Amino acid sequence: MRKKDEDKRDAIVAATLGIVMEHGVVGIKMAGLARKVGISPSTLYVYFKDKDDLVSTIFTELVRKVKENTFGEFEAELPFKVNLKNLWLRFLTYRIEHHQELFFIEQVKKSPYYGPELSKIKDDEFKETFALMDEGKRHLLLKDLPNEVLYAAWDSMTIRISDMVVLGQLEPSQENLENCFGILWDAVSA
């Protein structure tokens, strides 16, 4: 078995993200990906056994990366709303700075590749978010709705705001971000 080169693997991942950004998950063709990276298809298969492996491996790595870079410890002395806002701002900032990676995650979630295995990975990585929502409901700060509904409001708002910033439709000023969080808070607060 040939030795794996991390730079080559990174190039494969970057090219995959670019293809998905332009053509969606359906646009990934292993031979075309190999050409784009400048490697032979057989070399590509040293890194990923097939398209399913490519998509699921990248998805799993990106979901874990999002969690590691956005979810932090809450400061006990701060009010729940402030902690929630700080979490949202970290997630929004990460989403803006890593737009292509988050776009990949969203595209996979809308594709046939997103089965029970990938859904479980996402759910496991974001269980702290649901625990936070449970805490907010226990203290009567959040609406008593299923966490999936609260998360849908959170996620949808965050995706749309980050898209607007990336496309230059919204300036990420302090005032704009405060107003955006205010709308989100109004949507989920009790």
# chains A, B, ... in the order shown; residues from 1 in each chain; ligands from 1
$ residues_around --residues "stretch 4-9 of chain A" --least-positions-apart "3" --cutoff "8 Å" --atoms "only C-alpha atoms" --output "PyMOL selection string"
chain A and resi 12-13+46-47
$ write_last_selection --atoms "N, CA, C and O atoms" --output "PDB file, in the first residue's frame"
ATOM      1  N   ILE A  12      -7.118  17.129  -2.124  1.00  0.00           N
ATOM      2  CA  ILE A  12      -8.321  16.382  -2.512  1.00  0.00           C
ATOM      3  C   ILE A  12      -9.543  16.950  -1.798  1.00  0.00           C
ATOM      4  O   ILE A  12     -10.589  17.188  -2.412  1.00  0.00           O
ATOM      5  N   VAL A  13      -9.419  17.191  -0.503  1.00  0.00           N
ATOM      6  CA  VAL A  13     -10.528  17.744   0.272  1.00  0.00           C
ATOM      7  C   VAL A  13     -10.894  19.135  -0.251  1.00  0.00           C
ATOM      8  O   VAL A  13     -12.069  19.435  -0.476  1.00  0.00           O
ATOM      9  N   VAL A  46      -6.284   5.656  -2.986  1.00  0.00           N
ATOM     10  CA  VAL A  46      -5.416   5.377  -1.839  1.00  0.00           C
ATOM     11  C   VAL A  46      -5.951   6.138  -0.620  1.00  0.00           C
ATOM     12  O   VAL A  46      -5.877   5.666   0.510  1.00  0.00           O
ATOM     13  N   TYR A  47      -6.527   7.313  -0.872  1.00  0.00           N
ATOM     14  CA  TYR A  47      -7.017   8.178   0.195  1.00  0.00           C
ATOM     15  C   TYR A  47      -8.464   7.906   0.576  1.00  0.00           C
ATOM     16  O   TYR A  47      -8.831   8.000   1.752  1.00  0.00           O
TER      17      TYR A  47
END
$ closest_residue --among "A:Cys180, A:Ala187, A:Val63, A:Ile19" --to "A:Glu106" --atoms "only C-alpha atoms"
A:Val63
$ residues_around --residues "A:Pro41" --least-positions-apart "5" --cutoff "8 Å" --atoms "only C-alpha atoms" --output "short mmCIF file (atom, residue, chain, number, x, y, z; two decimals) with N, CA and C atoms, in the first residue's frame"
data_model
loop_
_atom_site.label_atom_id
_atom_site.label_comp_id
_atom_site.auth_asym_id
_atom_site.auth_seq_id
_atom_site.Cartn_x
_atom_site.Cartn_y
_atom_site.Cartn_z
N MET A 30 -15.29 10.96 -9.28
CA MET A 30 -13.95 10.61 -8.80
C MET A 30 -12.87 10.87 -9.85
N ALA A 31 -13.12 10.53 -11.09
CA ALA A 31 -12.12 10.75 -12.14
C ALA A 31 -11.88 12.25 -12.35
N ALA A 34 -9.89 13.63 -9.42
CA ALA A 34 -8.46 13.28 -9.57
C ALA A 34 -7.78 14.23 -10.55
N ARG A 35 -8.44 14.49 -11.69
CA ARG A 35 -7.87 15.42 -12.68
C ARG A 35 -7.68 16.81 -12.09
#
$ residues_around --residues "stretch 72-82 of chain A" --least-positions-apart "2" --cutoff "10 Å" --atoms "only C-alpha atoms" --output "VMD selection string"
chain A and resid 67 to 70 84 to 88 90 128 132 135 to 136 139 141 to 142 185 189
$ decode --residues "stretch 52-159 of chain A" --atoms "C-alpha atoms" --output "PDB file, in the first residue's frame"
ATOM      1  CA  ASP A  52     -19.326   7.356  -0.356  1.00  0.00           C
ATOM      2  CA  ASP A  53     -16.158   7.176   1.739  1.00  0.00           C
ATOM      3  CA  LEU A  54     -14.993  10.569   0.430  1.00  0.00           C
ATOM      4  CA  VAL A  55     -18.282  12.302   1.260  1.00  0.00           C
ATOM      5  CA  SER A  56     -18.816  10.668   4.659  1.00  0.00           C
ATOM      6  CA  THR A  57     -15.207  11.141   5.789  1.00  0.00           C
ATOM      7  CA  ILE A  58     -15.117  14.822   4.843  1.00  0.00           C
ATOM      8  CA  PHE A  59     -18.566  15.386   6.404  1.00  0.00           C
ATOM      9  CA  THR A  60     -17.521  13.728   9.664  1.00  0.00           C
ATOM     10  CA  GLU A  61     -14.260  15.685   9.868  1.00  0.00           C
ATOM     11  CA  LEU A  62     -15.980  18.993   9.138  1.00  0.00           C
ATOM     12  CA  VAL A  63     -18.777  18.456  11.673  1.00  0.00           C
ATOM     13  CA  ARG A  64     -16.200  17.692  14.372  1.00  0.00           C
ATOM     14  CA  LYS A  65     -14.173  20.741  13.348  1.00  0.00           C
ATOM     15  CA  VAL A  66     -17.238  22.984  13.644  1.00  0.00           C
ATOM     16  CA  LYS A  67     -17.944  21.710  17.142  1.00  0.00           C
ATOM     17  CA  GLU A  68     -14.332  22.069  18.281  1.00  0.00           C
ATOM     18  CA  ASN A  69     -14.163  25.644  17.029  1.00  0.00           C
ATOM     19  CA  THR A  70     -17.551  26.981  18.058  1.00  0.00           C
ATOM     20  CA  PHE A  71     -18.813  25.344  21.224  1.00  0.00           C
ATOM     21  CA  GLY A  72     -17.080  26.677  24.290  1.00  0.00           C
ATOM     22  CA  GLU A  73     -17.586  26.690  28.008  1.00  0.00           C
ATOM     23  CA  PHE A  74     -20.331  28.885  29.330  1.00  0.00           C
ATOM     24  CA  GLU A  75     -19.456  31.434  31.928  1.00  0.00           C
ATOM     25  CA  ALA A  76     -21.598  30.664  34.964  1.00  0.00           C
ATOM     26  CA  GLU A  77     -21.679  34.286  36.095  1.00  0.00           C
ATOM     27  CA  LEU A  78     -23.174  35.467  32.804  1.00  0.00           C
ATOM     28  CA  PRO A  79     -26.899  35.361  32.066  1.00  0.00           C
ATOM     29  CA  PHE A  80     -28.159  32.547  29.834  1.00  0.00           C
ATOM     30  CA  LYS A  81     -29.032  34.970  27.024  1.00  0.00           C
ATOM     31  CA  VAL A  82     -25.487  36.394  26.963  1.00  0.00           C
ATOM     32  CA  ASN A  83     -23.962  32.909  26.856  1.00  0.00           C
ATOM     33  CA  LEU A  84     -26.348  31.927  24.064  1.00  0.00           C
ATOM     34  CA  LYS A  85     -25.477  35.071  22.134  1.00  0.00           C
ATOM     35  CA  ASN A  86     -21.741  34.407  22.541  1.00  0.00           C
ATOM     36  CA  LEU A  87     -22.220  30.861  21.232  1.00  0.00           C
ATOM     37  CA  TRP A  88     -24.248  32.152  18.293  1.00  0.00           C
ATOM     38  CA  LEU A  89     -21.611  34.762  17.450  1.00  0.00           C
ATOM     39  CA  ARG A  90     -18.839  32.124  17.538  1.00  0.00           C
ATOM     40  CA  PHE A  91     -20.865  29.870  15.268  1.00  0.00           C
ATOM     41  CA  LEU A  92     -21.801  32.712  12.901  1.00  0.00           C
ATOM     42  CA  THR A  93     -18.198  33.914  12.680  1.00  0.00           C
ATOM     43  CA  TYR A  94     -16.959  30.389  12.025  1.00  0.00           C
ATOM     44  CA  ARG A  95     -19.623  29.901   9.381  1.00  0.00           C
ATOM     45  CA  ILE A  96     -18.584  33.092   7.609  1.00  0.00           C
ATOM     46  CA  GLU A  97     -14.874  32.265   7.772  1.00  0.00           C
ATOM     47  CA  HIS A  98     -15.429  28.642   6.682  1.00  0.00           C
ATOM     48  CA  HIS A  99     -18.331  29.179   4.315  1.00  0.00           C
ATOM     49  CA  GLN A 100     -17.273  26.514   1.832  1.00  0.00           C
ATOM     50  CA  GLU A 101     -16.942  23.853   4.521  1.00  0.00           C
ATOM     51  CA  LEU A 102     -20.344  24.635   6.024  1.00  0.00           C
ATOM     52  CA  PHE A 103     -21.878  24.709   2.551  1.00  0.00           C
ATOM     53  CA  PHE A 104     -20.536  21.184   2.051  1.00  0.00           C
ATOM     54  CA  ILE A 105     -22.171  20.029   5.297  1.00  0.00           C
ATOM     55  CA  GLU A 106     -25.507  21.567   4.270  1.00  0.00           C
ATOM     56  CA  GLN A 107     -25.355  19.990   0.819  1.00  0.00           C
ATOM     57  CA  VAL A 108     -24.609  16.550   2.237  1.00  0.00           C
ATOM     58  CA  LYS A 109     -27.530  16.913   4.676  1.00  0.00           C
ATOM     59  CA  LYS A 110     -29.806  17.424   1.636  1.00  0.00           C
ATOM     60  CA  SER A 111     -28.383  14.489  -0.323  1.00  0.00           C
ATOM     61  CA  PRO A 112     -28.898  10.720  -0.391  1.00  0.00           C
ATOM     62  CA  TYR A 113     -25.527  10.376   1.394  1.00  0.00           C
ATOM     63  CA  TYR A 114     -27.100  11.721   4.583  1.00  0.00           C
ATOM     64  CA  GLY A 115     -28.404   8.541   6.112  1.00  0.00           C
ATOM     65  CA  PRO A 116     -28.711   7.399   9.714  1.00  0.00           C
ATOM     66  CA  GLU A 117     -24.938   7.046  10.180  1.00  0.00           C
ATOM     67  CA  LEU A 118     -24.103  10.655   9.236  1.00  0.00           C
ATOM     68  CA  SER A 119     -27.188  11.955  11.036  1.00  0.00           C
ATOM     69  CA  LYS A 120     -25.986  10.249  14.219  1.00  0.00           C
ATOM     70  CA  ILE A 121     -22.521  11.797  13.835  1.00  0.00           C
ATOM     71  CA  LYS A 122     -24.032  15.267  13.536  1.00  0.00           C
ATOM     72  CA  ASP A 123     -26.409  14.673  16.444  1.00  0.00           C
ATOM     73  CA  ASP A 124     -23.610  13.317  18.665  1.00  0.00           C
ATOM     74  CA  GLU A 125     -21.393  16.299  17.933  1.00  0.00           C
ATOM     75  CA  PHE A 126     -24.137  18.823  18.711  1.00  0.00           C
ATOM     76  CA  LYS A 127     -25.718  17.213  21.779  1.00  0.00           C
ATOM     77  CA  GLU A 128     -24.301  20.056  23.920  1.00  0.00           C
ATOM     78  CA  THR A 129     -26.423  22.496  21.916  1.00  0.00           C
ATOM     79  CA  PHE A 130     -29.530  20.476  22.748  1.00  0.00           C
ATOM     80  CA  ALA A 131     -28.461  20.288  26.404  1.00  0.00           C
ATOM     81  CA  LEU A 132     -28.192  24.077  26.386  1.00  0.00           C
ATOM     82  CA  MET A 133     -31.691  24.329  24.930  1.00  0.00           C
ATOM     83  CA  ASP A 134     -32.976  21.981  27.630  1.00  0.00           C
ATOM     84  CA  GLU A 135     -31.396  24.223  30.264  1.00  0.00           C
ATOM     85  CA  GLY A 136     -33.058  27.283  28.736  1.00  0.00           C
ATOM     86  CA  LYS A 137     -36.435  25.539  28.777  1.00  0.00           C
ATOM     87  CA  ARG A 138     -35.954  24.405  32.404  1.00  0.00           C
ATOM     88  CA  HIS A 139     -35.402  28.027  33.416  1.00  0.00           C
ATOM     89  CA  LEU A 140     -38.409  29.111  31.307  1.00  0.00           C
ATOM     90  CA  LEU A 141     -36.176  31.251  29.087  1.00  0.00           C
ATOM     91  CA  LEU A 142     -36.784  29.344  25.843  1.00  0.00           C
ATOM     92  CA  LYS A 143     -40.057  28.253  24.286  1.00  0.00           C
ATOM     93  CA  ASP A 144     -41.148  24.795  25.355  1.00  0.00           C
ATOM     94  CA  LEU A 145     -40.764  23.324  21.877  1.00  0.00           C
ATOM     95  CA  PRO A 146     -38.848  20.281  20.687  1.00  0.00           C
ATOM     96  CA  ASN A 147     -35.126  21.019  20.476  1.00  0.00           C
ATOM     97  CA  GLU A 148     -35.207  20.212  16.764  1.00  0.00           C
ATOM     98  CA  VAL A 149     -37.652  23.110  16.241  1.00  0.00           C
ATOM     99  CA  LEU A 150     -35.548  25.525  18.295  1.00  0.00           C
ATOM    100  CA  TYR A 151     -32.427  24.386  16.447  1.00  0.00           C
ATOM    101  CA  ALA A 152     -34.166  24.854  13.096  1.00  0.00           C
ATOM    102  CA  ALA A 153     -34.762  28.529  13.951  1.00  0.00           C
ATOM    103  CA  TRP A 154     -31.165  28.879  15.161  1.00  0.00           C
ATOM    104  CA  ASP A 155     -29.626  27.097  12.174  1.00  0.00           C
ATOM    105  CA  SER A 156     -31.796  28.738   9.515  1.00  0.00           C
ATOM    106  CA  MET A 157     -31.119  32.224  10.832  1.00  0.00           C
ATOM    107  CA  THR A 158     -27.402  31.565  11.108  1.00  0.00           C
ATOM    108  CA  ILE A 159     -27.148  30.116   7.606  1.00  0.00           C
TER     109      ILE A 159
END
